[in-house]
Structures are given as structure tokens and as C-alpha cells.
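Engineer: Quick one, target-v3.cif (mmCIF, N, CA, C and O atoms):
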```cif
data_final
loop_
_atom_site.label_atom_id
_atom_site.label_comp_id
_atom_site.auth_asym_id
_atom_site.auth_seq_id
_atom_site.Cartn_x
_atom_site.Cartn_y
_atom_site.Cartn_z
N MET T 1 -81.68 -77.47 8.15
CA MET T 1 -82.45 -78.46 7.44
C MET T 1 -83.93 -78.14 7.66
O MET T 1 -84.42 -78.25 8.76
N GLU T 2 -84.61 -77.77 6.63
CA GLU T 2 -86.02 -77.46 6.72
C GLU T 2 -86.88 -78.72 6.68
O GLU T 2 -87.73 -78.93 7.51
N GLN T 3 -86.66 -79.55 5.68
CA GLN T 3 -87.49 -80.73 5.48
C GLN T 3 -86.93 -81.90 6.27
O GLN T 3 -85.74 -82.17 6.24
N LYS T 4 -87.80 -82.59 6.95
CA LYS T 4 -87.40 -83.76 7.73
C LYS T 4 -87.71 -85.02 6.94
O LYS T 4 -88.74 -85.13 6.31
N GLU T 5 -86.82 -85.99 6.99
CA GLU T 5 -87.04 -87.28 6.36
C GLU T 5 -87.99 -88.12 7.20
O GLU T 5 -88.79 -88.89 6.69
N VAL T 6 -87.87 -88.00 8.50
CA VAL T 6 -88.67 -88.77 9.44
C VAL T 6 -89.83 -87.89 9.91
O VAL T 6 -89.60 -86.83 10.48
N SER T 7 -91.05 -88.33 9.65
CA SER T 7 -92.21 -87.53 10.02
C SER T 7 -92.34 -87.44 11.54
O SER T 7 -91.79 -88.25 12.28
N ASP T 8 -93.10 -86.45 11.99
CA ASP T 8 -93.34 -86.31 13.43
C ASP T 8 -94.04 -87.54 13.99
O ASP T 8 -93.74 -88.00 15.09
N ALA T 9 -94.99 -88.10 13.22
CA ALA T 9 -95.71 -89.29 13.66
C ALA T 9 -94.74 -90.47 13.82
O ALA T 9 -94.83 -91.22 14.80
N ALA T 10 -93.83 -90.62 12.88
CA ALA T 10 -92.85 -91.72 12.97
C ALA T 10 -91.91 -91.48 14.14
O ALA T 10 -91.57 -92.41 14.88
N TRP T 11 -91.44 -90.25 14.30
CA TRP T 11 -90.51 -89.96 15.39
C TRP T 11 -91.15 -90.27 16.74
O TRP T 11 -90.50 -90.78 17.65
N HIS T 12 -92.44 -90.00 16.88
CA HIS T 12 -93.15 -90.30 18.12
C HIS T 12 -93.04 -91.79 18.45
O HIS T 12 -92.90 -92.17 19.61
N LEU T 13 -93.07 -92.65 17.43
CA LEU T 13 -92.94 -94.09 17.62
C LEU T 13 -91.49 -94.53 17.80
O LEU T 13 -91.20 -95.49 18.51
N LEU T 14 -90.57 -93.83 17.15
CA LEU T 14 -89.16 -94.22 17.16
C LEU T 14 -88.38 -93.73 18.38
O LEU T 14 -87.42 -94.39 18.81
N ALA T 15 -88.75 -92.59 18.91
CA ALA T 15 -88.00 -91.99 20.01
C ALA T 15 -87.74 -92.95 21.18
O ALA T 15 -86.62 -93.01 21.69
N PRO T 16 -88.74 -93.75 21.59
CA PRO T 16 -88.48 -94.66 22.70
C PRO T 16 -87.46 -95.77 22.38
O PRO T 16 -86.91 -96.39 23.28
N LEU T 17 -87.20 -96.02 21.10
CA LEU T 17 -86.25 -97.06 20.70
C LEU T 17 -84.80 -96.57 20.73
O LEU T 17 -83.88 -97.38 20.66
N MET T 18 -84.61 -95.27 20.80
CA MET T 18 -83.27 -94.71 20.72
C MET T 18 -82.47 -95.04 21.97
O MET T 18 -82.98 -94.97 23.08
N PRO T 19 -81.21 -95.46 21.77
CA PRO T 19 -80.36 -95.76 22.93
C PRO T 19 -80.10 -94.51 23.75
O PRO T 19 -80.30 -93.39 23.28
N GLY T 20 -79.63 -94.71 24.97
CA GLY T 20 -79.33 -93.57 25.85
C GLY T 20 -78.40 -92.58 25.18
O GLY T 20 -77.55 -92.95 24.39
N VAL T 21 -78.59 -91.32 25.50
CA VAL T 21 -77.78 -90.26 24.90
C VAL T 21 -76.47 -90.18 25.67
O VAL T 21 -76.46 -90.10 26.89
N GLY T 22 -75.37 -90.20 24.93
CA GLY T 22 -74.06 -90.08 25.55
C GLY T 22 -73.21 -89.12 24.77
O GLY T 22 -73.29 -89.07 23.55
N GLY T 23 -72.45 -88.33 25.44
CA GLY T 23 -71.55 -87.41 24.75
C GLY T 23 -72.27 -86.19 24.21
O GLY T 23 -73.39 -85.88 24.57
N ARG T 24 -71.56 -85.52 23.31
CA ARG T 24 -72.10 -84.28 22.74
C ARG T 24 -72.46 -84.52 21.30
O ARG T 24 -72.28 -85.61 20.76
N GLY T 25 -72.96 -83.50 20.66
CA GLY T 25 -73.23 -83.61 19.23
C GLY T 25 -74.71 -83.57 18.90
O GLY T 25 -75.53 -83.11 19.68
N ARG T 26 -75.00 -84.06 17.72
CA ARG T 26 -76.36 -84.02 17.20
C ARG T 26 -77.28 -84.96 17.96
O ARG T 26 -76.86 -85.99 18.44
N GLY T 27 -78.56 -84.57 17.98
CA GLY T 27 -79.56 -85.42 18.62
C GLY T 27 -79.91 -86.61 17.74
O GLY T 27 -79.61 -86.64 16.55
N HIS T 28 -80.57 -87.58 18.35
CA HIS T 28 -80.95 -88.78 17.62
C HIS T 28 -81.83 -88.48 16.40
O HIS T 28 -81.67 -89.10 15.36
N ARG T 29 -82.75 -87.55 16.54
CA ARG T 29 -83.64 -87.29 15.41
C ARG T 29 -82.88 -86.72 14.22
O ARG T 29 -83.10 -87.13 13.08
N ASP T 30 -81.99 -85.79 14.46
CA ASP T 30 -81.19 -85.23 13.37
C ASP T 30 -80.36 -86.32 12.69
O ASP T 30 -80.26 -86.38 11.47
N LEU T 31 -79.76 -87.18 13.50
CA LEU T 31 -78.95 -88.26 12.94
C LEU T 31 -79.81 -89.25 12.17
O LEU T 31 -79.43 -89.69 11.08
N LEU T 32 -80.98 -89.56 12.69
CA LEU T 32 -81.88 -90.47 11.98
C LEU T 32 -82.34 -89.85 10.67
O LEU T 32 -82.45 -90.54 9.65
N ASP T 33 -82.57 -88.54 10.66
CA ASP T 33 -82.95 -87.86 9.41
C ASP T 33 -81.85 -88.00 8.36
O ASP T 33 -82.12 -88.28 7.19
N GLY T 34 -80.59 -87.81 8.75
CA GLY T 34 -79.49 -87.94 7.80
C GLY T 34 -79.31 -89.36 7.31
O GLY T 34 -79.05 -89.61 6.13
N ILE T 35 -79.46 -90.32 8.21
CA ILE T 35 -79.37 -91.72 7.82
C ILE T 35 -80.51 -92.07 6.88
O ILE T 35 -80.31 -92.72 5.85
N ALA T 36 -81.71 -91.62 7.20
CA ALA T 36 -82.88 -91.88 6.35
C ALA T 36 -82.69 -91.26 4.97
O ALA T 36 -83.03 -91.86 3.95
N HIS T 37 -82.12 -90.05 4.92
CA HIS T 37 -81.86 -89.40 3.64
C HIS T 37 -80.91 -90.24 2.79
O HIS T 37 -81.13 -90.47 1.61
N THR T 38 -79.85 -90.72 3.42
CA THR T 38 -78.85 -91.52 2.71
C THR T 38 -79.47 -92.82 2.19
O THR T 38 -79.23 -93.22 1.05
N ILE T 39 -80.28 -93.45 3.01
CA ILE T 39 -80.94 -94.69 2.61
C ILE T 39 -81.93 -94.43 1.48
O ILE T 39 -81.96 -95.14 0.48
N ARG T 40 -82.75 -93.38 1.64
CA ARG T 40 -83.78 -93.09 0.64
C ARG T 40 -83.18 -92.73 -0.71
O ARG T 40 -83.65 -93.18 -1.76
N THR T 41 -82.10 -91.97 -0.72
CA THR T 41 -81.52 -91.51 -1.98
C THR T 41 -80.52 -92.49 -2.56
O THR T 41 -80.20 -92.42 -3.74
N GLY T 42 -79.97 -93.37 -1.72
CA GLY T 42 -78.96 -94.30 -2.19
C GLY T 42 -77.60 -93.65 -2.39
O GLY T 42 -76.69 -94.25 -2.96
N GLN T 43 -77.44 -92.43 -1.91
CA GLN T 43 -76.16 -91.73 -2.04
C GLN T 43 -75.14 -92.33 -1.08
O GLN T 43 -75.48 -92.96 -0.10
N SER T 44 -73.89 -92.08 -1.37
CA SER T 44 -72.85 -92.52 -0.45
C SER T 44 -72.87 -91.59 0.77
O SER T 44 -73.40 -90.48 0.72
N TRP T 45 -72.28 -92.06 1.83
CA TRP T 45 -72.21 -91.23 3.04
C TRP T 45 -71.52 -89.91 2.77
O TRP T 45 -71.92 -88.86 3.25
N ARG T 46 -70.47 -89.96 1.96
CA ARG T 46 -69.69 -88.75 1.68
C ARG T 46 -70.48 -87.70 0.89
O ARG T 46 -70.11 -86.54 0.86
N ASP T 47 -71.59 -88.12 0.27
CA ASP T 47 -72.42 -87.19 -0.50
C ASP T 47 -73.60 -86.64 0.30
O ASP T 47 -74.49 -86.01 -0.27
N LEU T 48 -73.61 -86.86 1.59
CA LEU T 48 -74.66 -86.31 2.43
C LEU T 48 -74.63 -84.79 2.30
O LEU T 48 -73.57 -84.18 2.42
N PRO T 49 -75.77 -84.15 2.02
CA PRO T 49 -75.79 -82.70 1.82
C PRO T 49 -75.21 -81.94 3.01
O PRO T 49 -75.40 -82.34 4.17
N ALA T 50 -74.54 -80.86 2.72
CA ALA T 50 -73.85 -80.05 3.73
C ALA T 50 -74.73 -79.63 4.92
O ALA T 50 -74.24 -79.61 6.05
N PRO T 51 -76.02 -79.28 4.72
CA PRO T 51 -76.82 -78.87 5.87
C PRO T 51 -76.92 -79.93 6.98
O PRO T 51 -77.18 -79.60 8.13
N TYR T 52 -76.69 -81.17 6.64
CA TYR T 52 -76.73 -82.22 7.66
C TYR T 52 -75.50 -82.19 8.56
O TYR T 52 -75.53 -82.67 9.68
N GLY T 53 -74.40 -81.68 8.06
CA GLY T 53 -73.17 -81.66 8.85
C GLY T 53 -72.22 -82.75 8.38
O GLY T 53 -72.40 -83.33 7.31
N PRO T 54 -71.21 -83.06 9.19
CA PRO T 54 -70.19 -84.04 8.80
C PRO T 54 -70.78 -85.44 8.57
O PRO T 54 -71.44 -85.99 9.45
N TRP T 55 -70.52 -86.01 7.41
CA TRP T 55 -71.04 -87.32 7.07
C TRP T 55 -70.55 -88.40 8.02
O TRP T 55 -71.21 -89.38 8.28
N GLN T 56 -69.35 -88.19 8.58
CA GLN T 56 -68.76 -89.19 9.46
C GLN T 56 -69.64 -89.46 10.69
O GLN T 56 -69.73 -90.59 11.16
N SER T 57 -70.30 -88.42 11.19
CA SER T 57 -71.18 -88.58 12.35
C SER T 57 -72.31 -89.54 12.04
O SER T 57 -72.68 -90.38 12.86
N TYR T 58 -72.86 -89.39 10.84
CA TYR T 58 -73.99 -90.23 10.44
C TYR T 58 -73.55 -91.66 10.18
O TYR T 58 -74.23 -92.60 10.57
N HIS T 59 -72.43 -91.82 9.54
CA HIS T 59 -71.92 -93.16 9.26
C HIS T 59 -71.58 -93.88 10.56
O HIS T 59 -71.90 -95.05 10.74
N ARG T 60 -70.94 -93.18 11.48
CA ARG T 60 -70.58 -93.76 12.77
C ARG T 60 -71.83 -94.22 13.54
O ARG T 60 -71.87 -95.32 14.07
N ARG T 61 -72.85 -93.35 13.56
CA ARG T 61 -74.07 -93.72 14.27
C ARG T 61 -74.79 -94.87 13.58
O ARG T 61 -75.31 -95.76 14.21
N TYR T 62 -74.80 -94.87 12.25
CA TYR T 62 -75.40 -95.97 11.49
C TYR T 62 -74.74 -97.29 11.89
O TYR T 62 -75.42 -98.28 12.18
N ARG T 63 -73.41 -97.31 11.92
CA ARG T 63 -72.67 -98.53 12.28
C ARG T 63 -72.97 -98.94 13.73
O ARG T 63 -73.14 -100.11 14.02
N ARG T 64 -73.04 -97.97 14.62
CA ARG T 64 -73.33 -98.27 16.02
C ARG T 64 -74.73 -98.87 16.16
O ARG T 64 -74.93 -99.87 16.84
N TRP T 65 -75.72 -98.24 15.49
CA TRP T 65 -77.10 -98.72 15.58
C TRP T 65 -77.25 -100.06 14.87
O TRP T 65 -78.09 -100.87 15.24
N LEU T 66 -76.44 -100.31 13.88
CA LEU T 66 -76.44 -101.61 13.21
C LEU T 66 -75.95 -102.69 14.19
O LEU T 66 -76.54 -103.75 14.33
N THR T 67 -74.89 -102.39 14.89
CA THR T 67 -74.28 -103.34 15.83
C THR T 67 -75.15 -103.58 17.06
O THR T 67 -75.29 -104.72 17.51
N ASP T 68 -75.76 -102.52 17.61
CA ASP T 68 -76.51 -102.70 18.86
C ASP T 68 -77.97 -103.11 18.67
O ASP T 68 -78.69 -103.30 19.63
N GLY T 69 -78.40 -103.26 17.40
CA GLY T 69 -79.76 -103.73 17.15
C GLY T 69 -80.80 -102.64 16.97
O GLY T 69 -81.96 -102.92 16.67
N THR T 70 -80.41 -101.39 17.16
CA THR T 70 -81.36 -100.29 17.01
C THR T 70 -81.94 -100.25 15.60
O THR T 70 -83.15 -100.07 15.42
N LEU T 71 -81.10 -100.44 14.57
CA LEU T 71 -81.61 -100.41 13.20
C LEU T 71 -82.60 -101.54 12.94
O LEU T 71 -83.58 -101.35 12.23
N HIS T 72 -82.37 -102.68 13.52
CA HIS T 72 -83.31 -103.79 13.36
C HIS T 72 -84.67 -103.40 13.94
O HIS T 72 -85.71 -103.64 13.33
N GLN T 73 -84.67 -102.79 15.11
CA GLN T 73 -85.92 -102.34 15.74
C GLN T 73 -86.62 -101.31 14.87
O GLN T 73 -87.84 -101.35 14.71
N ILE T 74 -85.86 -100.39 14.29
CA ILE T 74 -86.44 -99.34 13.44
C ILE T 74 -87.08 -99.95 12.20
O ILE T 74 -88.18 -99.57 11.81
N THR T 75 -86.40 -100.91 11.58
CA THR T 75 -86.91 -101.47 10.33
C THR T 75 -88.07 -102.43 10.53
O THR T 75 -88.80 -102.70 9.58
N THR T 76 -88.23 -102.94 11.73
CA THR T 76 -89.35 -103.86 11.95
C THR T 76 -90.57 -103.16 12.53
O THR T 76 -91.65 -103.75 12.57
N LEU T 77 -90.44 -101.92 12.93
CA LEU T 77 -91.56 -101.15 13.46
C LEU T 77 -92.46 -100.70 12.32
O LEU T 77 -91.97 -100.28 11.27
N THR T 78 -93.75 -100.77 12.50
CA THR T 78 -94.69 -100.29 11.49
C THR T 78 -94.82 -98.78 11.63
O THR T 78 -95.28 -98.29 12.66
N LEU T 79 -94.38 -98.07 10.60
CA LEU T 79 -94.42 -96.61 10.61
C LEU T 79 -95.49 -96.10 9.66
O LEU T 79 -95.95 -96.84 8.78
N PRO T 80 -95.86 -94.82 9.79
CA PRO T 80 -96.80 -94.24 8.83
C PRO T 80 -96.28 -94.42 7.40
O PRO T 80 -95.08 -94.40 7.16
N THR T 81 -97.17 -94.59 6.45
CA THR T 81 -96.78 -94.89 5.06
C THR T 81 -95.88 -93.82 4.46
O THR T 81 -95.10 -94.11 3.57
N THR T 82 -95.96 -92.59 4.92
CA THR T 82 -95.11 -91.54 4.38
C THR T 82 -93.64 -91.79 4.68
O THR T 82 -92.77 -91.22 4.04
N ASP T 83 -93.35 -92.65 5.63
CA ASP T 83 -91.97 -92.93 6.01
C ASP T 83 -91.42 -94.22 5.39
O ASP T 83 -90.27 -94.55 5.60
N HIS T 84 -92.21 -94.92 4.63
CA HIS T 84 -91.76 -96.20 4.09
C HIS T 84 -90.64 -96.06 3.06
O HIS T 84 -89.90 -97.00 2.84
N GLY T 85 -90.49 -94.90 2.43
CA GLY T 85 -89.46 -94.71 1.42
C GLY T 85 -88.06 -94.87 1.96
O GLY T 85 -87.15 -95.27 1.27
N TRP T 86 -87.85 -94.56 3.22
CA TRP T 86 -86.51 -94.69 3.80
C TRP T 86 -86.40 -95.87 4.75
O TRP T 86 -85.30 -96.33 5.04
N GLN T 87 -87.53 -96.39 5.23
CA GLN T 87 -87.46 -97.44 6.23
C GLN T 87 -86.90 -98.74 5.67
O GLN T 87 -86.20 -99.46 6.36
N THR T 88 -87.17 -99.02 4.40
CA THR T 88 -86.61 -100.22 3.79
C THR T 88 -86.20 -99.92 2.35
O THR T 88 -86.71 -99.00 1.73
N LEU T 89 -85.30 -100.70 1.86
CA LEU T 89 -84.89 -100.63 0.46
C LEU T 89 -85.36 -101.92 -0.19
O LEU T 89 -85.09 -102.98 0.37
N PRO T 90 -86.00 -101.86 -1.36
CA PRO T 90 -86.59 -103.01 -2.02
C PRO T 90 -86.82 -104.24 -1.16
O PRO T 90 -86.30 -105.30 -1.42
N GLY T 91 -87.59 -104.06 -0.08
CA GLY T 91 -87.93 -105.18 0.76
C GLY T 91 -86.84 -105.66 1.69
O GLY T 91 -87.01 -106.63 2.40
N ARG T 92 -85.70 -104.99 1.71
CA ARG T 92 -84.59 -105.42 2.57
C ARG T 92 -84.28 -104.34 3.60
O ARG T 92 -84.16 -103.17 3.25
N PRO T 93 -84.13 -104.70 4.86
CA PRO T 93 -83.77 -103.71 5.87
C PRO T 93 -82.44 -103.05 5.51
O PRO T 93 -81.56 -103.70 4.95
N PRO T 94 -82.27 -101.78 5.84
CA PRO T 94 -81.04 -101.07 5.47
C PRO T 94 -79.78 -101.71 6.03
O PRO T 94 -78.73 -101.63 5.43
N GLN T 95 -79.86 -102.38 7.17
CA GLN T 95 -78.64 -102.97 7.70
C GLN T 95 -78.16 -104.12 6.83
O GLN T 95 -77.01 -104.52 6.92
N LEU T 96 -79.02 -104.67 5.98
CA LEU T 96 -78.60 -105.73 5.09
C LEU T 96 -78.12 -105.19 3.75
O LEU T 96 -77.52 -105.90 2.98
N GLN T 97 -78.42 -103.95 3.47
CA GLN T 97 -78.02 -103.34 2.21
C GLN T 97 -77.69 -101.87 2.46
O GLN T 97 -78.46 -100.99 2.12
N PRO T 98 -76.54 -101.60 3.09
CA PRO T 98 -76.19 -100.22 3.42
C PRO T 98 -75.91 -99.39 2.16
O PRO T 98 -75.63 -99.95 1.11
N PRO T 99 -76.01 -98.06 2.30
CA PRO T 99 -75.67 -97.19 1.18
C PRO T 99 -74.24 -97.44 0.72
O PRO T 99 -73.48 -98.13 1.39
N SER T 100 -73.88 -96.86 -0.37
CA SER T 100 -72.55 -97.07 -0.97
C SER T 100 -71.47 -97.14 0.09
O SER T 100 -71.42 -96.33 1.00
N ALA T 101 -70.65 -98.09 -0.04
CA ALA T 101 -69.60 -98.32 0.96
C ALA T 101 -68.35 -97.50 0.67
O ALA T 101 -67.26 -98.02 0.61
N THR T 102 -68.53 -96.20 0.53
CA THR T 102 -67.37 -95.35 0.29
C THR T 102 -66.75 -94.90 1.60
O THR T 102 -65.69 -94.34 1.60
N ALA T 103 -67.45 -95.17 2.70
CA ALA T 103 -66.91 -94.80 4.00
C ALA T 103 -66.21 -96.02 4.58
O ALA T 103 -66.63 -97.14 4.34
N PRO T 104 -65.19 -95.80 5.36
CA PRO T 104 -64.49 -96.93 5.96
C PRO T 104 -65.40 -97.66 6.94
O PRO T 104 -66.23 -97.04 7.56
N PRO T 105 -65.25 -98.98 7.09
CA PRO T 105 -66.10 -99.75 8.02
C PRO T 105 -65.86 -99.40 9.46
O PRO T 105 -64.95 -98.81 9.85
#
```
Step by step, read the file and then write its structure as C-alpha cells.
Structural biologist:
Amino acid sequence: MEQKEVSDAAWHLLAPLMPGVGGRGRGHRDLLDGIAHTIRTGQSWRDLPAPYGPWQSYHRRYRRWLTDGTLHQITTLTLPTTDHGWQTLPGRPPQLQPPSATAPP
């Protein structure tokens, strides 16, 4: 993945909000980039572009961050304007209006 959805300036603000790292797999920034891409484009999880990897990883993390409050913290943080395209959807935080529900809950 060449282009990042989350700018370096935004990541600097978001990194401290990320829950403790557990297990193996992709890092928080990579997962946040895939989640941000899905939110920004409005695509279903299953349509996440191949360079991001398995869509299930992103959907699982989205659901976890929705449940533990991480997404609420992300959506209420003031980020650089270049990141506003994915931070909210028409004035609503992503946890209130998730991308297409083609993935199992």
C-alpha cells in the first residue's frame, strides 16, 4: 500500500489512543488505514482492495474498536483537515453508520 488514508500528522495524534497490542498480525496504523478507506469510499468490507489484506481482519478490528470505545475517541478527536474525509460520514461518526453490512456482525 503506497498511499495512506491516515496522514502522518493524524497518526501522531491517534497512536496514543490505540489499545494495547495483542497477538500477531497487522499493526494498528495499517488496520486504521483499511478501516478509513472503507469508511471514506463507502465500500463493503468484502470489497476492501487486495493490497490491504484479508477484509475480515479489518472488520473484526472495527467491531472491537466500536465496542471498546476506541472509534468514539477517534471520531471526536480534532484531526488535520486532510483526514476529515474518513473521520466522519455526513456528520455522523462511523460507529453510528458503518459501511455496508455485508460482513457478519
Engineer: Do a neighbour search on Tyr62 in chain T at 9 Å with only C-alpha atoms, toss out local chain neighbours closer than 5 positions, and write the hits as number ranges by chain.
Structural biologist: T: 31-32, 35, 57, 67, 71, 95
Engineer: Okay, now the selection with N, CA, C and O atoms, as a PDB file, keeping the file's coordinate frame?
Structural biologist:
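File produced: again_30.pdb:
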```pdb
ATOM      1  N   LEU T  31     -79.760 -87.180  13.500  1.00  0.00           N
ATOM      2  CA  LEU T  31     -78.950 -88.260  12.940  1.00  0.00           C
ATOM      3  C   LEU T  31     -79.810 -89.250  12.170  1.00  0.00           C
ATOM      4  O   LEU T  31     -79.430 -89.690  11.080  1.00  0.00           O
ATOM      5  N   LEU T  32     -80.980 -89.560  12.690  1.00  0.00           N
ATOM      6  CA  LEU T  32     -81.880 -90.470  11.980  1.00  0.00           C
ATOM      7  C   LEU T  32     -82.340 -89.850  10.670  1.00  0.00           C
ATOM      8  O   LEU T  32     -82.450 -90.540   9.650  1.00  0.00           O
ATOM      9  N   ILE T  35     -79.460 -90.320   8.210  1.00  0.00           N
ATOM     10  CA  ILE T  35     -79.370 -91.720   7.820  1.00  0.00           C
ATOM     11  C   ILE T  35     -80.510 -92.070   6.880  1.00  0.00           C
ATOM     12  O   ILE T  35     -80.310 -92.720   5.850  1.00  0.00           O
ATOM     13  N   SER T  57     -70.300 -88.420  11.190  1.00  0.00           N
ATOM     14  CA  SER T  57     -71.180 -88.580  12.350  1.00  0.00           C
ATOM     15  C   SER T  57     -72.310 -89.540  12.040  1.00  0.00           C
ATOM     16  O   SER T  57     -72.680 -90.380  12.860  1.00  0.00           O
ATOM     17  N   THR T  67     -74.890-102.390  14.890  1.00  0.00           N
ATOM     18  CA  THR T  67     -74.280-103.340  15.830  1.00  0.00           C
ATOM     19  C   THR T  67     -75.150-103.580  17.060  1.00  0.00           C
ATOM     20  O   THR T  67     -75.290-104.720  17.510  1.00  0.00           O
ATOM     21  N   LEU T  71     -81.100-100.440  14.570  1.00  0.00           N
ATOM     22  CA  LEU T  71     -81.610-100.410  13.200  1.00  0.00           C
ATOM     23  C   LEU T  71     -82.600-101.540  12.940  1.00  0.00           C
ATOM     24  O   LEU T  71     -83.580-101.350  12.230  1.00  0.00           O
ATOM     25  N   GLN T  95     -79.860-102.380   7.170  1.00  0.00           N
ATOM     26  CA  GLN T  95     -78.640-102.970   7.700  1.00  0.00           C
ATOM     27  C   GLN T  95     -78.160-104.120   6.830  1.00  0.00           C
ATOM     28  O   GLN T  95     -77.010-104.520   6.920  1.00  0.00           O
TER      29      GLN T  95
END
```
Engineer: Please compute the atom C of Asp30 in chain T-atom N of Ala10 in chain T distance, one decimal, in Å.
Structural biologist: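 One can read the atom C of Asp30 in chain T to atom N of Ala10 in chain T distance as 14.1 Å.
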Engineer: At a cut-off of 8 Å, using all atoms listed in the file, what residues contact Met18 in chain T? Leave out same-chain residues fewer than 5 positions from it and give the result as a PDB file with N, CA, C and O atoms, keeping the file's coordinate frame.
Structural biologist:
```
ATOM      1  N   LEU T  13     -93.070 -92.650  17.430  1.00  0.00           N
ATOM      2  CA  LEU T  13     -92.940 -94.090  17.620  1.00  0.00           C
ATOM      3  C   LEU T  13     -91.490 -94.530  17.800  1.00  0.00           C
ATOM      4  O   LEU T  13     -91.200 -95.490  18.510  1.00  0.00           O
ATOM      5  N   HIS T  28     -80.570 -87.580  18.350  1.00  0.00           N
ATOM      6  CA  HIS T  28     -80.950 -88.780  17.620  1.00  0.00           C
ATOM      7  C   HIS T  28     -81.830 -88.480  16.400  1.00  0.00           C
ATOM      8  O   HIS T  28     -81.670 -89.100  15.360  1.00  0.00           O
ATOM      9  N   THR T  70     -80.410-101.390  17.160  1.00  0.00           N
ATOM     10  CA  THR T  70     -81.360-100.290  17.010  1.00  0.00           C
ATOM     11  C   THR T  70     -81.940-100.250  15.600  1.00  0.00           C
ATOM     12  O   THR T  70     -83.150-100.070  15.420  1.00  0.00           O
TER      13      THR T  70
END
```
Engineer: Give as a list in words the residues that the PyMOL selection byres (((chain T and resi 15 and name CA) around 12) and name CA) matches when applied to the coordinates above.
Structural biologist: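 Matching residues under the PyMOL selection byres (((chain T and resi 15 and name CA) around 12) and name CA) are Val6, Ser7, Asp8, Ala9, Ala10, Trp11, His12, Leu13, Leu14, Pro16, Leu17, Met18, Pro19, Gly20, Val21, Gly27, His28, Arg29, Asp30, Leu32, Thr70, Gln73, Ile74 and Leu77 of chain T.
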Engineer: Can you spit out the residues from that selection as a short mmCIF file (atom, residue, chain, number, x, y, z; two decimals), keeping the file's coordinate frame, using N, CA, C and O atoms?
Structural biologist:
```
data_model
loop_
_atom_site.label_atom_id
_atom_site.label_comp_id
_atom_site.auth_asym_id
_atom_site.auth_seq_id
_atom_site.Cartn_x
_atom_site.Cartn_y
_atom_site.Cartn_z
N VAL T 6 -87.87 -88.00 8.50
CA VAL T 6 -88.67 -88.77 9.44
C VAL T 6 -89.83 -87.89 9.91
O VAL T 6 -89.60 -86.83 10.48
N SER T 7 -91.05 -88.33 9.65
CA SER T 7 -92.21 -87.53 10.02
C SER T 7 -92.34 -87.44 11.54
O SER T 7 -91.79 -88.25 12.28
N ASP T 8 -93.10 -86.45 11.99
CA ASP T 8 -93.34 -86.31 13.43
C ASP T 8 -94.04 -87.54 13.99
O ASP T 8 -93.74 -88.00 15.09
N ALA T 9 -94.99 -88.10 13.22
CA ALA T 9 -95.71 -89.29 13.66
C ALA T 9 -94.74 -90.47 13.82
O ALA T 9 -94.83 -91.22 14.80
N ALA T 10 -93.83 -90.62 12.88
CA ALA T 10 -92.85 -91.72 12.97
C ALA T 10 -91.91 -91.48 14.14
O ALA T 10 -91.57 -92.41 14.88
N TRP T 11 -91.44 -90.25 14.30
CA TRP T 11 -90.51 -89.96 15.39
C TRP T 11 -91.15 -90.27 16.74
O TRP T 11 -90.50 -90.78 17.65
N HIS T 12 -92.44 -90.00 16.88
CA HIS T 12 -93.15 -90.30 18.12
C HIS T 12 -93.04 -91.79 18.45
O HIS T 12 -92.90 -92.17 19.61
N LEU T 13 -93.07 -92.65 17.43
CA LEU T 13 -92.94 -94.09 17.62
C LEU T 13 -91.49 -94.53 17.80
O LEU T 13 -91.20 -95.49 18.51
N LEU T 14 -90.57 -93.83 17.15
CA LEU T 14 -89.16 -94.22 17.16
C LEU T 14 -88.38 -93.73 18.38
O LEU T 14 -87.42 -94.39 18.81
N PRO T 16 -88.74 -93.75 21.59
CA PRO T 16 -88.48 -94.66 22.70
C PRO T 16 -87.46 -95.77 22.38
O PRO T 16 -86.91 -96.39 23.28
N LEU T 17 -87.20 -96.02 21.10
CA LEU T 17 -86.25 -97.06 20.70
C LEU T 17 -84.80 -96.57 20.73
O LEU T 17 -83.88 -97.38 20.66
N MET T 18 -84.61 -95.27 20.80
CA MET T 18 -83.27 -94.71 20.72
C MET T 18 -82.47 -95.04 21.97
O MET T 18 -82.98 -94.97 23.08
N PRO T 19 -81.21 -95.46 21.77
CA PRO T 19 -80.36 -95.76 22.93
C PRO T 19 -80.10 -94.51 23.75
O PRO T 19 -80.30 -93.39 23.28
N GLY T 20 -79.63 -94.71 24.97
CA GLY T 20 -79.33 -93.57 25.85
C GLY T 20 -78.40 -92.58 25.18
O GLY T 20 -77.55 -92.95 24.39
N VAL T 21 -78.59 -91.32 25.50
CA VAL T 21 -77.78 -90.26 24.90
C VAL T 21 -76.47 -90.18 25.67
O VAL T 21 -76.46 -90.10 26.89
N GLY T 27 -78.56 -84.57 17.98
CA GLY T 27 -79.56 -85.42 18.62
C GLY T 27 -79.91 -86.61 17.74
O GLY T 27 -79.61 -86.64 16.55
N HIS T 28 -80.57 -87.58 18.35
CA HIS T 28 -80.95 -88.78 17.62
C HIS T 28 -81.83 -88.48 16.40
O HIS T 28 -81.67 -89.10 15.36
N ARG T 29 -82.75 -87.55 16.54
CA ARG T 29 -83.64 -87.29 15.41
C ARG T 29 -82.88 -86.72 14.22
O ARG T 29 -83.10 -87.13 13.08
N ASP T 30 -81.99 -85.79 14.46
CA ASP T 30 -81.19 -85.23 13.37
C ASP T 30 -80.36 -86.32 12.69
O ASP T 30 -80.26 -86.38 11.47
N LEU T 32 -80.98 -89.56 12.69
CA LEU T 32 -81.88 -90.47 11.98
C LEU T 32 -82.34 -89.85 10.67
O LEU T 32 -82.45 -90.54 9.65
N THR T 70 -80.41 -101.39 17.16
CA THR T 70 -81.36 -100.29 17.01
C THR T 70 -81.94 -100.25 15.60
O THR T 70 -83.15 -100.07 15.42
N GLN T 73 -84.67 -102.79 15.11
CA GLN T 73 -85.92 -102.34 15.74
C GLN T 73 -86.62 -101.31 14.87
O GLN T 73 -87.84 -101.35 14.71
N ILE T 74 -85.86 -100.39 14.29
CA ILE T 74 -86.44 -99.34 13.44
C ILE T 74 -87.08 -99.95 12.20
O ILE T 74 -88.18 -99.57 11.81
N LEU T 77 -90.44 -101.92 12.93
CA LEU T 77 -91.56 -101.15 13.46
C LEU T 77 -92.46 -100.70 12.32
O LEU T 77 -91.97 -100.28 11.27
#
```
Engineer: Write down as a PyMOL selection string the residues of range 9-83 of chain T whose backbone DSSP state falls under helix (DSSP H, G or I).
Structural biologist: chain T and resi 9-17+28-41+45-47+50-52+55-68+70-76+81-83
Engineer: Tell me, in Å to one decimal, how far atom O of Leu48 in chain T is from atom N of Thr78 in chain T.
Structural biologist: 28.0 Å
Engineer: Mind giving me the straight-line distance from atom C of Trp65 in chain T to atom O of Asp33 in chain T in Å, one decimal?
Structural biologist: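 If I compute the distance from atom C of Trp65 in chain T to atom O of Asp33 in chain T, I get 14.9 Å.
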